[in-house]
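I have placed the structure first, in the form of structure tokens, so that the comments after it can refer back to it.
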Amino acid sequence: MIDVVSLALLGLVIACALATAVLRDVLAAIIAFAAYSLGIAMIWVLLQAPDVGLTEAAVGAGVTTVLFLLTIAKTVRPPGDAIFESVDPKGLLVAVLIVGVLASTLGALPPVGSAETPVAQSQVTDYYLENAYEQTHVKNAVTAVLAAYRGFDTMGEAVVVFAAGVGLLVVLGREVFA
Amino acid sequence: MSVDDSEDGDGAVEAGENRSLYVESPIIMATVRVVAPFVFTFGLFIMFHGADSAGGGFQGGVIVSTVILMLAVAFGVESTRDWVTPERLVAIVGIGVSVVLLMGIVTVALGGGFLQYDVVPIYHFTKYGIELFELGIGVIVSGIVTGLFFGLAAGASGEGSADREADEREGLL
């Protein structure tokens, strides 16, 4: 499964993530972060998860970037001409530790596309794949699970988005978004 | 784009002032005029067609709200906000939440479980119900993302908020 495209995408994502961390200019860091999100979105598509890829592209690479740009417009550029931020050893140590801990779990993951994974062998998965179309009349099994079988969860997610908006209004002390 | 321009060439002196983010650019305006209808249609397609292909209310809602964000970048945040009208935005989000909740309540009222679409006596309602549910989510998401954008653009120092906050603080004390 590791082919040239995957390796190139992984390289792009890691390079963009590092650039986001070390670039001194916040605007440049935001652009690098958007490129990182776009790379992740393409990786999702390669991993056959187009629904997640679409979300990552629209939210991560699109809207988040605009919101960040809007926010830094209210800040000032740090003085000096250096392109890269100087690396803080303590911060670097913590980052390396976190990456190490997360990387130690990689060995427990099944290979991509393996038929032996708990998800592929689960009776629930079989039930959804066999009955989703007859019971819900939608062809996308992901939507069938999200909006029908687990509709209550999805309603909760939608209300969380609503609550985020209400939270912003409460913090700003206003009744409308203005 | 416009942010970049106003960001360059400034000193640390201008911080804190309400600088105008907006730079009138015929290129950006023309591009947005051409691209916006297609993006809007694509967002609605993702929202409605989520039942049969990749996509759904969350993704479609974000793409639809991108149209408002593009208009705001091209024609200025203030004028776009006045065009949308903030009150209408809050109403739209409320309608979205009501649609999503009503779907659940109606199915319970007809004797089924929460969001058990097949109890509604309409042919193929499960599919239409799922699409309506997704549409409600899309309306919530697009309204909130647009609202976050306008809220961030106005910031804590936006028009009229300072007095109101001061009033509230006095009230609390």
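Ordered as shown in the structure tokens, chains take letters A, B, and onward, while each chain numbers its residues from 1 and ligands are numbered from 1 in the order shown.
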Compile the contact shell of Val141 (chain B) as a PDB file with C-alpha atoms, in the first residue's frame: residues with an atom at most 9 Å away, counting only C-alpha atoms, same-chain residues fewer than 5 positions apart removed.
ATOM      1  CA  ALA A 158     -25.367  19.423  15.229  1.00  0.00           C
ATOM      2  CA  VAL A 161     -22.155  23.305  16.608  1.00  0.00           C
ATOM      3  CA  PHE A 162     -25.170  25.398  17.614  1.00  0.00           C
TER       4      PHE A 162
ATOM      5  CA  GLY B  57     -24.922  18.195   6.030  1.00  0.00           C
ATOM      6  CA  PHE B  58     -21.689  19.114   7.819  1.00  0.00           C
ATOM      7  CA  GLN B  59     -19.511  19.250   4.709  1.00  0.00           C
ATOM      8  CA  GLY B  60     -22.189  20.865   2.530  1.00  0.00           C
ATOM      9  CA  GLY B  61     -22.962  23.459   5.190  1.00  0.00           C
ATOM     10  CA  VAL B  62     -19.314  24.482   5.438  1.00  0.00           C
ATOM     11  CA  SER B  65     -20.890  29.208   4.190  1.00  0.00           C
ATOM     12  CA  VAL B  93     -29.678  28.821  12.681  1.00  0.00           C
ATOM     13  CA  GLY B  96     -32.069  24.550  11.375  1.00  0.00           C
ATOM     14  CA  GLY B 136     -31.189  20.914   8.797  1.00  0.00           C
ATOM     15  CA  THR B 146     -20.820  32.460   8.884  1.00  0.00           C
TER      16      THR B 146
END
Once you count only C-alpha atoms, which residues of chain B turn out to be within 6 Å of chain A? Could you give them as an MDAnalysis selection string?
-> chainID B and resid 12 51:55 59 86:87 126:127 130 137 144 147 150:151 154
Write a file of the selected residues as a PDB file, in the first residue's frame, keeping N, CA and C atoms.
ATOM      1  N   ALA B  12       4.584  48.200  14.392  1.00  0.00           N
ATOM      2  CA  ALA B  12       3.877  47.727  15.571  1.00  0.00           C
ATOM      3  C   ALA B  12       2.954  48.815  16.114  1.00  0.00           C
ATOM      4  N   ALA B  51     -26.764  11.512   0.774  1.00  0.00           N
ATOM      5  CA  ALA B  51     -27.408  10.223   1.011  1.00  0.00           C
ATOM      6  C   ALA B  51     -26.914   9.165   0.036  1.00  0.00           C
ATOM      7  N   ASP B  52     -26.477   9.576  -1.144  1.00  0.00           N
ATOM      8  CA  ASP B  52     -26.103   8.600  -2.155  1.00  0.00           C
ATOM      9  C   ASP B  52     -24.626   8.611  -2.518  1.00  0.00           C
ATOM     10  N   SER B  53     -23.881   9.641  -2.085  1.00  0.00           N
ATOM     11  CA  SER B  53     -22.448   9.638  -2.350  1.00  0.00           C
ATOM     12  C   SER B  53     -21.771  10.318  -1.167  1.00  0.00           C
ATOM     13  N   ALA B  54     -20.469  10.503  -1.275  1.00  0.00           N
ATOM     14  CA  ALA B  54     -19.751  11.106  -0.151  1.00  0.00           C
ATOM     15  C   ALA B  54     -20.289  12.503   0.122  1.00  0.00           C
ATOM     16  N   GLY B  55     -20.369  12.854   1.387  1.00  0.00           N
ATOM     17  CA  GLY B  55     -20.837  14.192   1.737  1.00  0.00           C
ATOM     18  C   GLY B  55     -21.917  14.117   2.786  1.00  0.00           C
ATOM     19  N   GLN B  59     -20.402  18.800   5.771  1.00  0.00           N
ATOM     20  CA  GLN B  59     -19.511  19.250   4.709  1.00  0.00           C
ATOM     21  C   GLN B  59     -20.201  20.272   3.820  1.00  0.00           C
ATOM     22  N   PRO B  86     -27.548  40.315  10.445  1.00  0.00           N
ATOM     23  CA  PRO B  86     -27.220  39.420  11.563  1.00  0.00           C
ATOM     24  C   PRO B  86     -28.450  38.781  12.201  1.00  0.00           C
ATOM     25  N   GLU B  87     -29.560  39.508  12.269  1.00  0.00           N
ATOM     26  CA  GLU B  87     -30.763  38.933  12.884  1.00  0.00           C
ATOM     27  C   GLU B  87     -31.246  37.735  12.083  1.00  0.00           C
ATOM     28  N   THR B 126     -37.986   7.396   4.531  1.00  0.00           N
ATOM     29  CA  THR B 126     -36.687   7.233   5.190  1.00  0.00           C
ATOM     30  C   THR B 126     -35.622   8.035   4.460  1.00  0.00           C
ATOM     31  N   LYS B 127     -35.633   7.925   3.124  1.00  0.00           N
ATOM     32  CA  LYS B 127     -34.641   8.651   2.334  1.00  0.00           C
ATOM     33  C   LYS B 127     -34.869  10.159   2.431  1.00  0.00           C
ATOM     34  N   ILE B 130     -33.956  11.447   5.855  1.00  0.00           N
ATOM     35  CA  ILE B 130     -32.510  11.590   6.057  1.00  0.00           C
ATOM     36  C   ILE B 130     -32.012  12.843   5.346  1.00  0.00           C
ATOM     37  N   ILE B 137     -28.978  20.027   9.375  1.00  0.00           N
ATOM     38  CA  ILE B 137     -27.607  20.127   9.878  1.00  0.00           C
ATOM     39  C   ILE B 137     -26.818  21.133   9.044  1.00  0.00           C
ATOM     40  N   ILE B 144     -23.717  28.915  11.541  1.00  0.00           N
ATOM     41  CA  ILE B 144     -22.776  29.126  12.650  1.00  0.00           C
ATOM     42  C   ILE B 144     -21.403  29.519  12.107  1.00  0.00           C
ATOM     43  N   GLY B 147     -21.573  32.957  11.144  1.00  0.00           N
ATOM     44  CA  GLY B 147     -21.652  33.764  12.358  1.00  0.00           C
ATOM     45  C   GLY B 147     -20.303  33.893  13.048  1.00  0.00           C
ATOM     46  N   PHE B 150     -18.304  36.462  11.104  1.00  0.00           N
ATOM     47  CA  PHE B 150     -18.712  37.848  11.389  1.00  0.00           C
ATOM     48  C   PHE B 150     -18.340  38.235  12.818  1.00  0.00           C
ATOM     49  N   GLY B 151     -18.507  37.282  13.746  1.00  0.00           N
ATOM     50  CA  GLY B 151     -18.171  37.570  15.136  1.00  0.00           C
ATOM     51  C   GLY B 151     -16.692  37.875  15.310  1.00  0.00           C
ATOM     52  N   ALA B 154     -15.836  41.249  13.752  1.00  0.00           N
ATOM     53  CA  ALA B 154     -16.224  42.391  14.587  1.00  0.00           C
ATOM     54  C   ALA B 154     -15.335  42.457  15.820  1.00  0.00           C
TER      55      ALA B 154
END
To one decimal place, how far is CA of Val139 (chain B) from CA of Ala74 (chain B) in Å?
->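 Computed distance, CA of Val139 (chain B) to CA of Ala74 (chain B), equals 23.0 Å.
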Set the distance at 10 Å and use only C-alpha atoms: which residues neighbour Ala29 (chain A) once local chain neighbours fewer than 3 positions away are removed? I'd like the list as an mmCIF file with N, CA and C atoms, in the first residue's frame.
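Below is the file that was written, part_29.cif:
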data_model
loop_
_atom_site.group_PDB
_atom_site.id
_atom_site.type_symbol
_atom_site.label_atom_id
_atom_site.label_comp_id
_atom_site.auth_asym_id
_atom_site.auth_seq_id
_atom_site.Cartn_x
_atom_site.Cartn_y
_atom_site.Cartn_z
ATOM 1 N N CYS A 16 4.936 20.261 5.947
ATOM 2 C CA CYS A 16 4.031 21.381 6.247
ATOM 3 C C CYS A 16 3.842 21.524 7.751
ATOM 4 N N ALA A 17 3.756 20.392 8.462
ATOM 5 C CA ALA A 17 3.571 20.453 9.911
ATOM 6 C C ALA A 17 4.789 21.104 10.565
ATOM 7 N N LEU A 18 5.998 20.693 10.115
ATOM 8 C CA LEU A 18 7.216 21.303 10.668
ATOM 9 C C LEU A 18 7.268 22.783 10.336
ATOM 10 N N ALA A 19 6.904 23.122 9.091
ATOM 11 C CA ALA A 19 6.929 24.531 8.685
ATOM 12 C C ALA A 19 5.978 25.351 9.553
ATOM 13 N N THR A 20 4.779 24.788 9.835
ATOM 14 C CA THR A 20 3.826 25.498 10.694
ATOM 15 C C THR A 20 4.435 25.788 12.055
ATOM 16 N N ALA A 21 5.225 24.809 12.558
ATOM 17 C CA ALA A 21 5.780 24.975 13.895
ATOM 18 C C ALA A 21 6.919 25.981 13.931
ATOM 19 N N VAL A 22 7.776 25.985 12.901
ATOM 20 C CA VAL A 22 9.004 26.783 13.028
ATOM 21 C C VAL A 22 8.960 28.126 12.300
ATOM 22 N N LEU A 23 8.001 28.324 11.393
ATOM 23 C CA LEU A 23 7.994 29.597 10.665
ATOM 24 C C LEU A 23 7.708 30.749 11.625
ATOM 25 N N ARG A 24 8.448 31.848 11.465
ATOM 26 C CA ARG A 24 8.316 32.963 12.393
ATOM 27 C C ARG A 24 7.115 33.845 12.023
ATOM 28 N N ASP A 25 6.916 34.011 10.728
ATOM 29 C CA ASP A 25 5.795 34.829 10.265
ATOM 30 C C ASP A 25 4.489 34.050 10.440
ATOM 31 N N VAL A 26 3.551 34.612 11.194
ATOM 32 C CA VAL A 26 2.317 33.876 11.492
ATOM 33 C C VAL A 26 1.515 33.619 10.220
ATOM 34 N N ALA A 32 1.020 27.411 5.676
ATOM 35 C CA ALA A 32 1.590 26.063 5.778
ATOM 36 C C ALA A 32 0.596 25.116 6.435
ATOM 37 N N PHE A 33 -0.151 25.622 7.422
ATOM 38 C CA PHE A 33 -1.145 24.794 8.104
ATOM 39 C C PHE A 33 -2.265 24.403 7.148
ATOM 40 N N ALA A 34 -2.670 25.333 6.276
ATOM 41 C CA ALA A 34 -3.705 25.015 5.285
ATOM 42 C C ALA A 34 -3.204 23.943 4.335
ATOM 43 N N ALA A 35 -1.928 24.049 3.912
ATOM 44 C CA ALA A 35 -1.357 23.029 3.027
ATOM 45 C C ALA A 35 -1.314 21.677 3.734
#
Which one is closest to Ile140 (chain B): B:Ile95, B:Ala36, B:Val108, B:Val119? Count only C-alpha atoms.
->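 Nearest to Ile140 (chain B): B:Ile95.
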Hey, what's within 9 Å of Leu47 (chain A) if we count only C-alpha atoms and toss same-chain stuff fewer than 4 positions away? As a list in words, please?
-> Met42, Ile43, Val112 and Gly113 of chain A
